[in-house]
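Participant: This is the structure I want to talk about, given as structure tokens.
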Amino acid sequence: MQSSLLGPSLPRCLYEGNWTPWMDGGKMDGSEITRRGFIAGCSALGATVMSACSQGAGSPQAKATDNKADLVLRGGEIQTMKTDDEVVSAVAAADGEIVFVGDDEGVQKYIGKDTKVIDLDGLYVLPGFIDGHNHGASHQLEKKFDLYLNETAPNQASYQKVMKDYREKYPDKKYILGHGLNLNAFENNSPAHGFIDEIIDDACVFIQDMSVHGCLLNKKAMDEIGLTKDTKAPDGGTIYTDGNGEPTGYLSDCFSLTAPLLAKVTHDAAQEKAAFKEFMKEMNSYGITAFQVPGGGFEDGLDIIREFAKSGKMTMRVSLGQFVDDLNADGAKKIVKVFDKNQSYNSDWCKVTLAKAIIDGVPEGKSALLIDPYDSAAGMPADYRGPVSATQDELNEMTAIIDKAGYQVEFHAMGDGAVNMALNAFEYALKHNGKRDARHQIAHATLMKDEDIPRMGDLNVIGAMQPMWFYYDPFFSPLEEKVFGKARFAKEYRIKDMLDAGIVMTGSIDYPITLEARPLTGIQAGATQCSPFDGEEDSADYLRNPDQAVTVLDMVKMYTVNGAFALEMDKQIGTIEVGKKADFVVLGQNILSCDVKDVANTGVLYTISDGRVVYTGKDKSVKAEPIQGA
């Protein structure tokens, strides 16, 4: 089985010079930093866009050096993100590190005959964007080698044509892995194996849906794993059946059942490295210079990261997480041993500290854990609330053990019941181990009890959020509205309330669960609660919860300072200041002062990683068109 970093996608939950370790055993030391203090200390949230843009240049900062800079940016609007309003015109970097932040006159002494100078001519600069929840290079492998449906119109005829073409191209394959099945293509959002059998019945075919929590098997694949009406679903999973009690072939959160099939699909090391290079190139084109992998492909991924870093090929920094296989004390002890063994991989490029645990599934798979039963339109029993992967006591013990060892825990939790269990576990760890700068996280936090929003802030738990799911998107919103009901659907993603409660949130899109990884589209979506795409930005069809819109500055923080904080790399990246790493993104316009509905039309002109230009764009303004069709 491939890694999440370098192989097939894992779920909408499961789902990078000088190599000198910069951390002591991967555990943070120093004074306690609370999330509320972090927000207040970085900036006073809620400042207006215009005041943030109209302030004068900040005080010059310089590091004593006898050497000239390798890179100088001058003549621009450089938003340092140290405060809401600090804007300077020039920055210099040497050996991958920022050595000067100030004005054009002050930077002059850092320019030598070999210095690369970029005259910005008023262009806008931010710290490099940080993706807080990204499954890495799996998409690059999927598109090249697997049955790829992500860019196919979501209807059965189109899907079957792709399957037919794929089988003609690979007639001898015995195991075929597919990706991107959109449940909206099927009546009642319920696919069945006959849909695949009509095209391919002589090979084991298993197609992951868009969330990757669900998987549709053909009859041959069902027989391969022994799936019958007597098969018991694993904890937290659901086996869907027809009116006669026979399995349809569609499974949700049954990873242990499908693992033997997934293990049959492999890629070699050369393919994985090539995919990772392609992945970094794509992310750099969006202005991304760091990301967090929420589990998967741990040891292979570490070796590739180290190899790329030593050879100077790394263009993104990465916090590489690993899954907790068993959500109990034994699973916690096992992951602590794995992390302890691999602390030598910590460096300016890599962080080993995040343990990922899955409490529930996804709304569209009817596997998110709810406090109250699903809506009757979900077609489930009247008292159905969704499966759960562990008991509260098991989650408590697991969390306390990992926390005591000094590592982060991230829970995948989409239903309000799952979020509540995650917060209970974090509260238990706090009471048993005492307060520390833990930086634990909840991924998605789709639906929350009213009282759990301030509680999450009080517990200093980070929200790893996906802004492109905030508006009425075409992929998940219709399904979620159906199974939750309109009233409960309207209470999803209360971002303004979360921000007001002091919750630090990061930005991402759970790539490649959905492919729209561009931070600029996410920033606009969060600030408008509507589609960021051309022709849709004013449409009521895509508008959702406008009262939960936040400022563009709030959204920029998600992708910069907050991302660095969550990755435990805030001493290295996230702001532009002397001594930090020279990771920048140069944009075609000031996104704090432009029309909020033009943010997604902003071009990325340069992405700079470790003081090196790793991407160069051409256009200050670009079309905002979907990467992935609905």
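Chain labels A, B, ... are given in the sequence in which chains occur in the structure tokens; within each chain residues are numbered consecutively from 1, and ligands are likewise numbered from 1 in the order shown.
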What residues in segment 57-154 of chain A get the DSSP label helix (DSSP H, G or I)? Please answer as a ChimeraX atom specification.
Facilitator: /A:104-110,138-145
Participant: Keeping only C-alpha atoms, write the selected residues to a file as a compact mmCIF listing (two decimals), in the first residue's frame.
Facilitator:
```
# COMPACT_ATOMS: atom_id res chain seq x y z
CA ASP A 104 14.50 50.32 -0.04
CA GLU A 105 17.27 52.54 1.24
CA GLY A 106 18.18 50.20 4.07
CA VAL A 107 18.29 47.09 1.89
CA GLN A 108 20.80 48.64 -0.51
CA LYS A 109 23.83 47.55 1.49
CA TYR A 110 22.82 43.89 1.13
CA SER A 138 -1.38 10.82 -4.04
CA HIS A 139 -3.28 12.72 -6.72
CA GLN A 140 -0.29 12.77 -9.06
CA LEU A 141 -0.05 8.97 -8.90
CA GLU A 142 -3.80 8.45 -9.16
CA LYS A 143 -4.17 10.51 -12.29
CA LYS A 144 -1.28 8.79 -14.05
CA PHE A 145 -1.80 5.15 -13.10
```
Participant: Report as a VMD selection string all protein, DNA and RNA residues lying within 10 Å of segment 169-180 of chain A, evaluated on only C-alpha atoms, omitting residues in the same chain fewer than 3 positions from it.
Facilitator: chain A and resid 8 to 9 139 142 to 143 145 to 152 154 163 to 166 183 200 202 to 212 215 to 217 220 to 221 261 to 265 512 to 514
Participant: State, in Å with one decimal place, the distance from atom CA of Asn424 of chain A to atom CA of Ala332 of chain A.
Facilitator: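 Between these atoms lies a distance of 16.8 Å.
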Participant: Need the shell around Arg306 of chain A: protein/DNA/RNA residues with any atom at most 10 Å away, counting only C-alpha atoms. Skip same-chain ones fewer than 2 positions apart. Format as a PDB file with C-alpha atoms, in the first residue's frame?
Facilitator:
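around26.pdb was written with the following content:
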```pdb
ATOM      1  CA  GLU A  16       8.180  18.018   2.395  1.00  0.00           C
ATOM      2  CA  TRP A  19      20.225  18.885   7.490  1.00  0.00           C
ATOM      3  CA  GLY A 301       7.772   9.780   3.314  1.00  0.00           C
ATOM      4  CA  LEU A 302      10.438  10.690   5.853  1.00  0.00           C
ATOM      5  CA  ASP A 303      13.157   9.066   3.777  1.00  0.00           C
ATOM      6  CA  ILE A 304      12.078  10.876   0.613  1.00  0.00           C
ATOM      7  CA  PHE A 308      15.178  15.736  -1.244  1.00  0.00           C
ATOM      8  CA  ALA A 309      16.354  18.110   1.480  1.00  0.00           C
ATOM      9  CA  LYS A 310      19.936  16.925   1.314  1.00  0.00           C
ATOM     10  CA  SER A 311      19.975  17.312  -2.468  1.00  0.00           C
ATOM     11  CA  GLY A 312      18.351  20.758  -2.383  1.00  0.00           C
ATOM     12  CA  LYS A 313      15.153  19.566  -4.089  1.00  0.00           C
ATOM     13  CA  MET A 314      12.736  20.366  -1.264  1.00  0.00           C
ATOM     14  CA  TYR A 345      14.191  13.572  11.031  1.00  0.00           C
ATOM     15  CA  ASN A 346      13.190  16.906  12.572  1.00  0.00           C
ATOM     16  CA  SER A 347      14.781  19.788  10.722  1.00  0.00           C
ATOM     17  CA  TRP A 349      12.183  21.067   6.423  1.00  0.00           C
ATOM     18  CA  CYS A 350      10.379  18.405   8.418  1.00  0.00           C
TER      19      CYS A 350
END
```
Participant: Measuring atom to atom with only C-alpha atoms, identify which of A:Val125, A:Ala69, A:Ile111, A:Leu459 is nearest to Glu86 of chain A.
Facilitator: A:Val125
Participant: Using only C-alpha atoms, can you tell me which of A:Ala153, A:Met316, A:Leu354, A:Ala269 comes closest to Phe298 of chain A?
Facilitator: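 Of A:Ala153, A:Met316, A:Leu354, A:Ala269, the one nearest Phe298 of chain A is A:Leu354, counting only C-alpha atoms.
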Participant: For Lys623 of chain A, please output as a PyMOL selection string all residues within 10 Å (counting only C-alpha atoms; exclusion window: fewer than 6 positions along the same chain).
Facilitator: chain A and resi 533-534+598+600-603
Participant: Using only C-alpha atoms, determine which residues lie at most 9 Å from segment 388-399 of chain A, disregarding the query and same-chain residues fewer than 5 positions distant; provide the list as a PDB file with N, CA and C atoms, in the first residue's frame.
Facilitator:
```
ATOM      1  N   PRO A 234     -16.559  -3.241  10.446  1.00  0.00           N
ATOM      2  CA  PRO A 234     -15.634  -2.882  11.519  1.00  0.00           C
ATOM      3  C   PRO A 234     -16.189  -1.708  12.327  1.00  0.00           C
ATOM      4  N   ASP A 235     -15.624  -1.492  13.516  1.00  0.00           N
ATOM      5  CA  ASP A 235     -16.066  -0.381  14.352  1.00  0.00           C
ATOM      6  C   ASP A 235     -15.983   0.927  13.563  1.00  0.00           C
ATOM      7  N   GLY A 236     -17.069   1.673  13.570  1.00  0.00           N
ATOM      8  CA  GLY A 236     -17.101   2.943  12.861  1.00  0.00           C
ATOM      9  C   GLY A 236     -17.476   2.833  11.400  1.00  0.00           C
ATOM     10  N   GLY A 237     -17.667   1.614  10.892  1.00  0.00           N
ATOM     11  CA  GLY A 237     -17.948   1.414   9.476  1.00  0.00           C
ATOM     12  C   GLY A 237     -19.378   0.997   9.196  1.00  0.00           C
ATOM     13  N   ASP A 326      -4.850   1.873  16.452  1.00  0.00           N
ATOM     14  CA  ASP A 326      -5.840   1.431  17.432  1.00  0.00           C
ATOM     15  C   ASP A 326      -6.098   2.568  18.400  1.00  0.00           C
ATOM     16  N   LEU A 327      -7.341   3.018  18.465  1.00  0.00           N
ATOM     17  CA  LEU A 327      -7.661   4.183  19.275  1.00  0.00           C
ATOM     18  C   LEU A 327      -7.861   3.773  20.734  1.00  0.00           C
ATOM     19  N   ASN A 328      -6.764   3.426  21.361  1.00  0.00           N
ATOM     20  CA  ASN A 328      -6.771   3.027  22.763  1.00  0.00           C
ATOM     21  C   ASN A 328      -5.366   3.218  23.332  1.00  0.00           C
ATOM     22  N   ALA A 329      -5.156   2.804  24.548  1.00  0.00           N
ATOM     23  CA  ALA A 329      -3.858   3.007  25.199  1.00  0.00           C
ATOM     24  C   ALA A 329      -2.732   2.292  24.460  1.00  0.00           C
ATOM     25  N   ASP A 330      -3.006   1.072  23.974  1.00  0.00           N
ATOM     26  CA  ASP A 330      -1.960   0.332  23.259  1.00  0.00           C
ATOM     27  C   ASP A 330      -1.570   1.051  21.970  1.00  0.00           C
ATOM     28  N   GLY A 331      -2.556   1.547  21.247  1.00  0.00           N
ATOM     29  CA  GLY A 331      -2.260   2.286  20.023  1.00  0.00           C
ATOM     30  C   GLY A 331      -1.469   3.544  20.299  1.00  0.00           C
ATOM     31  N   ALA A 332      -1.774   4.208  21.412  1.00  0.00           N
ATOM     32  CA  ALA A 332      -1.053   5.422  21.780  1.00  0.00           C
ATOM     33  C   ALA A 332       0.406   5.119  22.107  1.00  0.00           C
ATOM     34  N   LYS A 333       0.631   4.057  22.858  1.00  0.00           N
ATOM     35  CA  LYS A 333       2.004   3.698  23.216  1.00  0.00           C
ATOM     36  C   LYS A 333       2.813   3.333  21.974  1.00  0.00           C
ATOM     37  N   ILE A 358      -9.078   8.893  13.907  1.00  0.00           N
ATOM     38  CA  ILE A 358     -10.365   9.093  13.233  1.00  0.00           C
ATOM     39  C   ILE A 358     -11.495   8.667  14.162  1.00  0.00           C
ATOM     40  N   ILE A 359     -12.335   9.624  14.545  1.00  0.00           N
ATOM     41  CA  ILE A 359     -13.467   9.298  15.412  1.00  0.00           C
ATOM     42  C   ILE A 359     -14.681   8.873  14.599  1.00  0.00           C
ATOM     43  N   ASP A 360     -14.976   9.617  13.535  1.00  0.00           N
ATOM     44  CA  ASP A 360     -16.164   9.293  12.749  1.00  0.00           C
ATOM     45  C   ASP A 360     -15.848   9.345  11.269  1.00  0.00           C
ATOM     46  N   GLY A 361     -16.885   9.315  10.442  1.00  0.00           N
ATOM     47  CA  GLY A 361     -16.692   9.320   9.007  1.00  0.00           C
ATOM     48  C   GLY A 361     -17.088  10.652   8.408  1.00  0.00           C
ATOM     49  N   SER A 367     -21.878   8.526   7.875  1.00  0.00           N
ATOM     50  CA  SER A 367     -21.013   7.946   8.894  1.00  0.00           C
ATOM     51  C   SER A 367     -20.430   8.982   9.838  1.00  0.00           C
ATOM     52  N   ALA A 368     -20.850  10.254   9.701  1.00  0.00           N
ATOM     53  CA  ALA A 368     -20.492  11.256  10.701  1.00  0.00           C
ATOM     54  C   ALA A 368     -21.296  10.967  11.965  1.00  0.00           C
ATOM     55  N   LEU A 369     -20.672  11.118  13.114  1.00  0.00           N
ATOM     56  CA  LEU A 369     -21.340  10.812  14.383  1.00  0.00           C
ATOM     57  C   LEU A 369     -22.110  12.032  14.870  1.00  0.00           C
ATOM     58  N   LYS A 404       1.089  13.349  27.015  1.00  0.00           N
ATOM     59  CA  LYS A 404       2.131  13.290  28.046  1.00  0.00           C
ATOM     60  C   LYS A 404       3.507  13.125  27.424  1.00  0.00           C
ATOM     61  N   GLN A 408       1.486  16.050  19.389  1.00  0.00           N
ATOM     62  CA  GLN A 408       0.163  16.568  19.057  1.00  0.00           C
ATOM     63  C   GLN A 408      -0.788  15.436  18.699  1.00  0.00           C
ATOM     64  N   VAL A 409      -2.060  15.643  19.005  1.00  0.00           N
ATOM     65  CA  VAL A 409      -3.127  14.743  18.560  1.00  0.00           C
ATOM     66  C   VAL A 409      -4.058  15.537  17.663  1.00  0.00           C
ATOM     67  N   ALA A 418     -18.935  13.588  17.313  1.00  0.00           N
ATOM     68  CA  ALA A 418     -17.503  13.305  17.241  1.00  0.00           C
ATOM     69  C   ALA A 418     -16.691  14.471  17.785  1.00  0.00           C
ATOM     70  N   MET A 421     -16.779  14.346  21.522  1.00  0.00           N
ATOM     71  CA  MET A 421     -15.896  13.305  22.065  1.00  0.00           C
ATOM     72  C   MET A 421     -14.432  13.746  22.010  1.00  0.00           C
ATOM     73  N   ALA A 422     -14.040  14.421  20.916  1.00  0.00           N
ATOM     74  CA  ALA A 422     -12.664  14.901  20.797  1.00  0.00           C
ATOM     75  C   ALA A 422     -12.350  15.905  21.898  1.00  0.00           C
ATOM     76  N   ASN A 424     -13.837  16.192  24.765  1.00  0.00           N
ATOM     77  CA  ASN A 424     -13.790  15.459  26.036  1.00  0.00           C
ATOM     78  C   ASN A 424     -12.415  14.837  26.257  1.00  0.00           C
ATOM     79  N   ALA A 425     -11.862  14.269  25.191  1.00  0.00           N
ATOM     80  CA  ALA A 425     -10.548  13.624  25.297  1.00  0.00           C
ATOM     81  C   ALA A 425      -9.448  14.640  25.585  1.00  0.00           C
ATOM     82  N   PHE A 426      -9.504  15.795  24.917  1.00  0.00           N
ATOM     83  CA  PHE A 426      -8.499  16.829  25.175  1.00  0.00           C
ATOM     84  C   PHE A 426      -8.629  17.369  26.599  1.00  0.00           C
ATOM     85  N   GLU A 427      -9.864  17.502  27.069  1.00  0.00           N
ATOM     86  CA  GLU A 427     -10.081  17.974  28.433  1.00  0.00           C
ATOM     87  C   GLU A 427      -9.532  16.965  29.447  1.00  0.00           C
ATOM     88  N   TYR A 428      -9.729  15.693  29.161  1.00  0.00           N
ATOM     89  CA  TYR A 428      -9.207  14.635  30.034  1.00  0.00           C
ATOM     90  C   TYR A 428      -7.681  14.700  30.108  1.00  0.00           C
ATOM     91  N   ALA A 429      -7.038  14.851  28.959  1.00  0.00           N
ATOM     92  CA  ALA A 429      -5.575  14.925  28.929  1.00  0.00           C
ATOM     93  C   ALA A 429      -5.078  16.143  29.697  1.00  0.00           C
TER      94      ALA A 429
END
```
Participant: I'd like the neighbourhood of Gly102 of chain A as a CSV table (one decimal) with C-alpha atoms, in the first residue's frame, where a residue qualifies if any of its atoms comes within 6 Å (using only C-alpha atoms), though same-chain residues fewer than 5 positions away should be ignored.
Facilitator:
```
chain,number,residue,atom,x,y,z
A,60,PRO,CA,13.7,48.2,9.9
A,88,VAL,CA,7.5,47.4,4.5
A,90,ALA,CA,12.1,45.6,1.1
```
Participant: I want to know what sits within 6 Å of segment 319-325 of chain A, based on only C-alpha atoms, with residues of the same chain fewer than 4 positions away left out; could you give that as a PyMOL selection string?
Facilitator: chain A and resi 292-296+298+331+350-352+354-357+567
Participant: For Lys366 of chain A, which residue among A:Tyr159, A:Phe484, A:Phe279, A:Phe195 is the nearest when counting only C-alpha atoms?
Facilitator: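 Result for the nearest residue to Lys366 of chain A: A:Phe484.
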Participant: What is the distance, in Å and to one decimal place, between atom CA of Asp340 of chain A and atom CA of Gly406 of chain A?
Facilitator: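 Rounded to one decimal, the two atoms are 10.1 Å apart.
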Participant: Nearest to Phe584 of chain A: which of A:Met283, A:Val613, A:Ala378, A:Val419 is it, counting only C-alpha atoms?
Facilitator: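 Between A:Met283, A:Val613, A:Ala378, A:Val419, the residue approaching Phe584 of chain A most closely is A:Val613.
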Participant: In Å, how far is it from atom CA of Gly132 of chain A to atom CA of Val561 of chain A?
Facilitator: 11.1 Å
